[in-house]
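Take a look at the structure below.
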Amino acid sequence: MGPMATHVITGAGSGIGAAVARRLHARGDELVLHARDAARAKELAAAFPGARTLVGDLADPDRLSWAFSHQSLPDRVDSLMHIAGVVELGAVGDLTPKSWHHQLNVNLIAPAELTRHFLPQLRAARGHVIFVNSGAGLNASAGWSGYAASKHGLKALADALRQEEHAGGVRVTSVYPGRTASPMQAKVHQQEGKEYDPGKWIDPESVATTILMALDLPRDAEVHDLSVRPGR
């Protein structure tokens, strides 16, 4: 990444996304932070002075194109980082279409739509698309069908995109973190009916370190898939 690279980031409000955004902001890169609504955009702009915001609801990917057409999009995009995600646990016998649609929309269809929007800029910059996937994108466990299906789909999206765009110099990386100490993990424990101890899980800063490693790797190499598991 050269000086003043521009990064479009979803999920910068908490967890891994916030850790990545803080690192890039601290080194002086340009940030375009996605927010679901104007109130969240205001919070992000306050947290990251100088950052631009982009508003659109990932839960309603059909309307993202319309939402973006009413905002100024960045002319240059060096990286697009898909870090936002939602999880709703439940057995296949209990999950409703509403739960399926919500997880597939936010975790899979919205990233595909955002990628479609920013591909012209990414191609021009020979940029990088980073998908923060999940251990559930590699293995599905009982109670995780909807989330795991969305993340297995995200792996397929990344793999196909990598082959389509490789010749043009766009790099594509999937990162598969294990359980990470974040608001999402607190929600998962609540859904599982378990006590939540953040000290047992990966610090979001450690996942951010792996993401920046892939991003900053010299152009002669590309990280395709990176699994990050709890070290204790």
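Chain identifiers are assigned as A, B, and so on, following the order in which chains appear in the structure tokens; residues are numbered from 1 within each chain, and ligands are numbered from 1 in order of appearance.
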
| query | Near His128 in chain A, within 6 Å and counting only C-alpha atoms, which residues show up once chain neighbours fewer than 5 positions away are dropped, as a ChimeraX atom specification? | reply | /A:79,170-172

Exercise for review: Tell me, as a list in words, which residues lie within 10 Å of range 92-95 of chain A, counting only C-alpha atoms; anything in the same chain fewer than 2 positions away does not count.
Suggested key: Glu88, Leu89, Gly90, Pro97, Lys98, Ser99, Trp100, Ala142, Gly143, Trp144, Ser145 and Gly146 of chain A

Counting only C-alpha atoms, the residue among A:Glu30, A:Asp60, A:Asp203, A:Asp197 that lies closest to Pro111 in chain A is A:Asp60

**Every residue of range 63-144 of chain A that DSSP places in strand (DSSP E or B), as a ChimeraX atom specification** = /A:79-82,90,128-132,144

Those same residues, written as a PDB file, in the first residue's frame with C-alpha atoms?
```pdb
ATOM      1  CA  SER A  79      -8.995  -1.997  -0.202  1.00  0.00           C
ATOM      2  CA  LEU A  80     -12.541  -3.119   0.481  1.00  0.00           C
ATOM      3  CA  MET A  81     -12.852  -4.858   3.842  1.00  0.00           C
ATOM      4  CA  HIS A  82     -15.970  -6.867   4.583  1.00  0.00           C
ATOM      5  CA  GLY A  90     -30.823 -22.062  15.994  1.00  0.00           C
ATOM      6  CA  HIS A 128      -7.377  -5.755  -2.276  1.00  0.00           C
ATOM      7  CA  VAL A 129     -10.688  -7.274  -1.182  1.00  0.00           C
ATOM      8  CA  ILE A 130     -10.606  -8.757   2.319  1.00  0.00           C
ATOM      9  CA  PHE A 131     -13.416 -10.957   3.590  1.00  0.00           C
ATOM     10  CA  VAL A 132     -13.498 -11.546   7.332  1.00  0.00           C
ATOM     11  CA  TRP A 144     -25.028 -22.804  13.351  1.00  0.00           C
TER      12      TRP A 144
END
```

Find the residues near Val87 in chain A: any atom within 12 Å, counting only C-alpha atoms, skip ones fewer than 3 places away on the same chain, and give them as an NGL selection string.
:A and (84 or 90 or 95 or 99-107 or 134 or 136 or 143-151 or 183-192)

Write out as a VMD selection string which residues come within 12 Å of Ser72 in chain A when counting only C-alpha atoms, dropping same-chain ones fewer than 3 positions away. chain A and resid 32 52 to 55 67 to 69 75 to 76

| said: Can you pull out every residue from range 102-138 of chain A that DSSP, working from the backbone, puts in alpha helix (DSSP H), and format the result as an NGL selection string? | reply: :A and (102-104 or 110-125)

Requested in this report: Show which residues sit within 8 Å of range 212-214 of chain A, as a ChimeraX atom specification. Count only C-alpha atoms, and ignore same-chain residues fewer than 3 positions away.
Outcome: /A:20,173,208-209,217,222-223

Go ahead and save the residues from that selection, with N, CA and C atoms, as a PDB file, in the first residue's frame.
```pdb
ATOM      1  N   VAL A  20      -9.223  -2.780  13.154  1.00  0.00           N
ATOM      2  CA  VAL A  20      -8.590  -2.528  11.857  1.00  0.00           C
ATOM      3  C   VAL A  20      -8.659  -1.037  11.516  1.00  0.00           C
ATOM      4  N   THR A 173      -8.440 -11.920  -0.196  1.00  0.00           N
ATOM      5  CA  THR A 173      -8.054 -12.698   0.984  1.00  0.00           C
ATOM      6  C   THR A 173      -9.276 -13.011   1.838  1.00  0.00           C
ATOM      7  N   ALA A 208      -6.761  -8.164  13.724  1.00  0.00           N
ATOM      8  CA  ALA A 208      -6.396  -6.973  12.942  1.00  0.00           C
ATOM      9  C   ALA A 208      -4.953  -7.076  12.454  1.00  0.00           C
ATOM     10  N   THR A 209      -4.076  -7.604  13.299  1.00  0.00           N
ATOM     11  CA  THR A 209      -2.668  -7.779  12.909  1.00  0.00           C
ATOM     12  C   THR A 209      -2.549  -8.687  11.693  1.00  0.00           C
ATOM     13  N   LEU A 217       1.394  -7.013   2.517  1.00  0.00           N
ATOM     14  CA  LEU A 217       2.313  -7.931   1.861  1.00  0.00           C
ATOM     15  C   LEU A 217       2.749  -7.346   0.514  1.00  0.00           C
ATOM     16  N   GLU A 222       0.310 -13.087  -2.419  1.00  0.00           N
ATOM     17  CA  GLU A 222      -1.094 -12.873  -2.068  1.00  0.00           C
ATOM     18  C   GLU A 222      -1.512 -13.936  -1.050  1.00  0.00           C
ATOM     19  N   VAL A 223      -2.085 -13.514   0.062  1.00  0.00           N
ATOM     20  CA  VAL A 223      -2.620 -14.468   1.029  1.00  0.00           C
ATOM     21  C   VAL A 223      -4.037 -14.835   0.594  1.00  0.00           C
TER      22      VAL A 223
END
```

Counting only C-alpha atoms, closest pick from A:Gly169, A:Gly50, A:Gly17, A:Pro177 relative to Ile83 in chain A is A:Gly17

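Closest to Val8 in chain A among A:Ala21, A:Leu31, A:Val228, A:Ala181 is A:Leu31, based on only C-alpha atoms.
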
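In this structure, CA of Arg63 in chain A sits 24.4 Å away from CA of Asp78 in chain A.
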
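Picture a line from CA of Asn133 in chain A to CA of Ile16 in chain A; it runs 11.4 Å.
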
Got a sec: who's within 8 Å of range 42-48 of chain A, counting only C-alpha atoms, leaving out chain neighbours fewer than 4 positions off, as a PDB file with C-alpha atoms, in the first residue's frame?
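part_9.pdb, freshly written:
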```pdb
ATOM      1  CA  ALA A  12     -15.921  -0.510  11.885  1.00  0.00           C
ATOM      2  CA  GLY A  13     -18.250   0.181  14.830  1.00  0.00           C
ATOM      3  CA  ARG A  22      -8.012   2.289  14.393  1.00  0.00           C
ATOM      4  CA  HIS A  25      -6.487   5.659  10.894  1.00  0.00           C
ATOM      5  CA  LEU A  33     -16.611   3.727   6.918  1.00  0.00           C
ATOM      6  CA  ALA A  35     -22.786   2.618   8.515  1.00  0.00           C
ATOM      7  CA  ALA A  38     -27.137   8.344   9.610  1.00  0.00           C
ATOM      8  CA  ARG A  52     -15.762   9.658   5.390  1.00  0.00           C
ATOM      9  CA  THR A  53     -18.912   7.612   5.863  1.00  0.00           C
TER      10      THR A  53
END
```

Skip Pro230 in chain A itself and residues of its chain fewer than 3 positions away, then list as a ChimeraX atom specification all residues within 12 Å of it, counting only C-alpha atoms. /A:135,176-181,198-204,206-207,227

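Reported to one decimal place, the separation of CA of Pro49 in chain A from CA of Ala112 in chain A is 28.4 Å.
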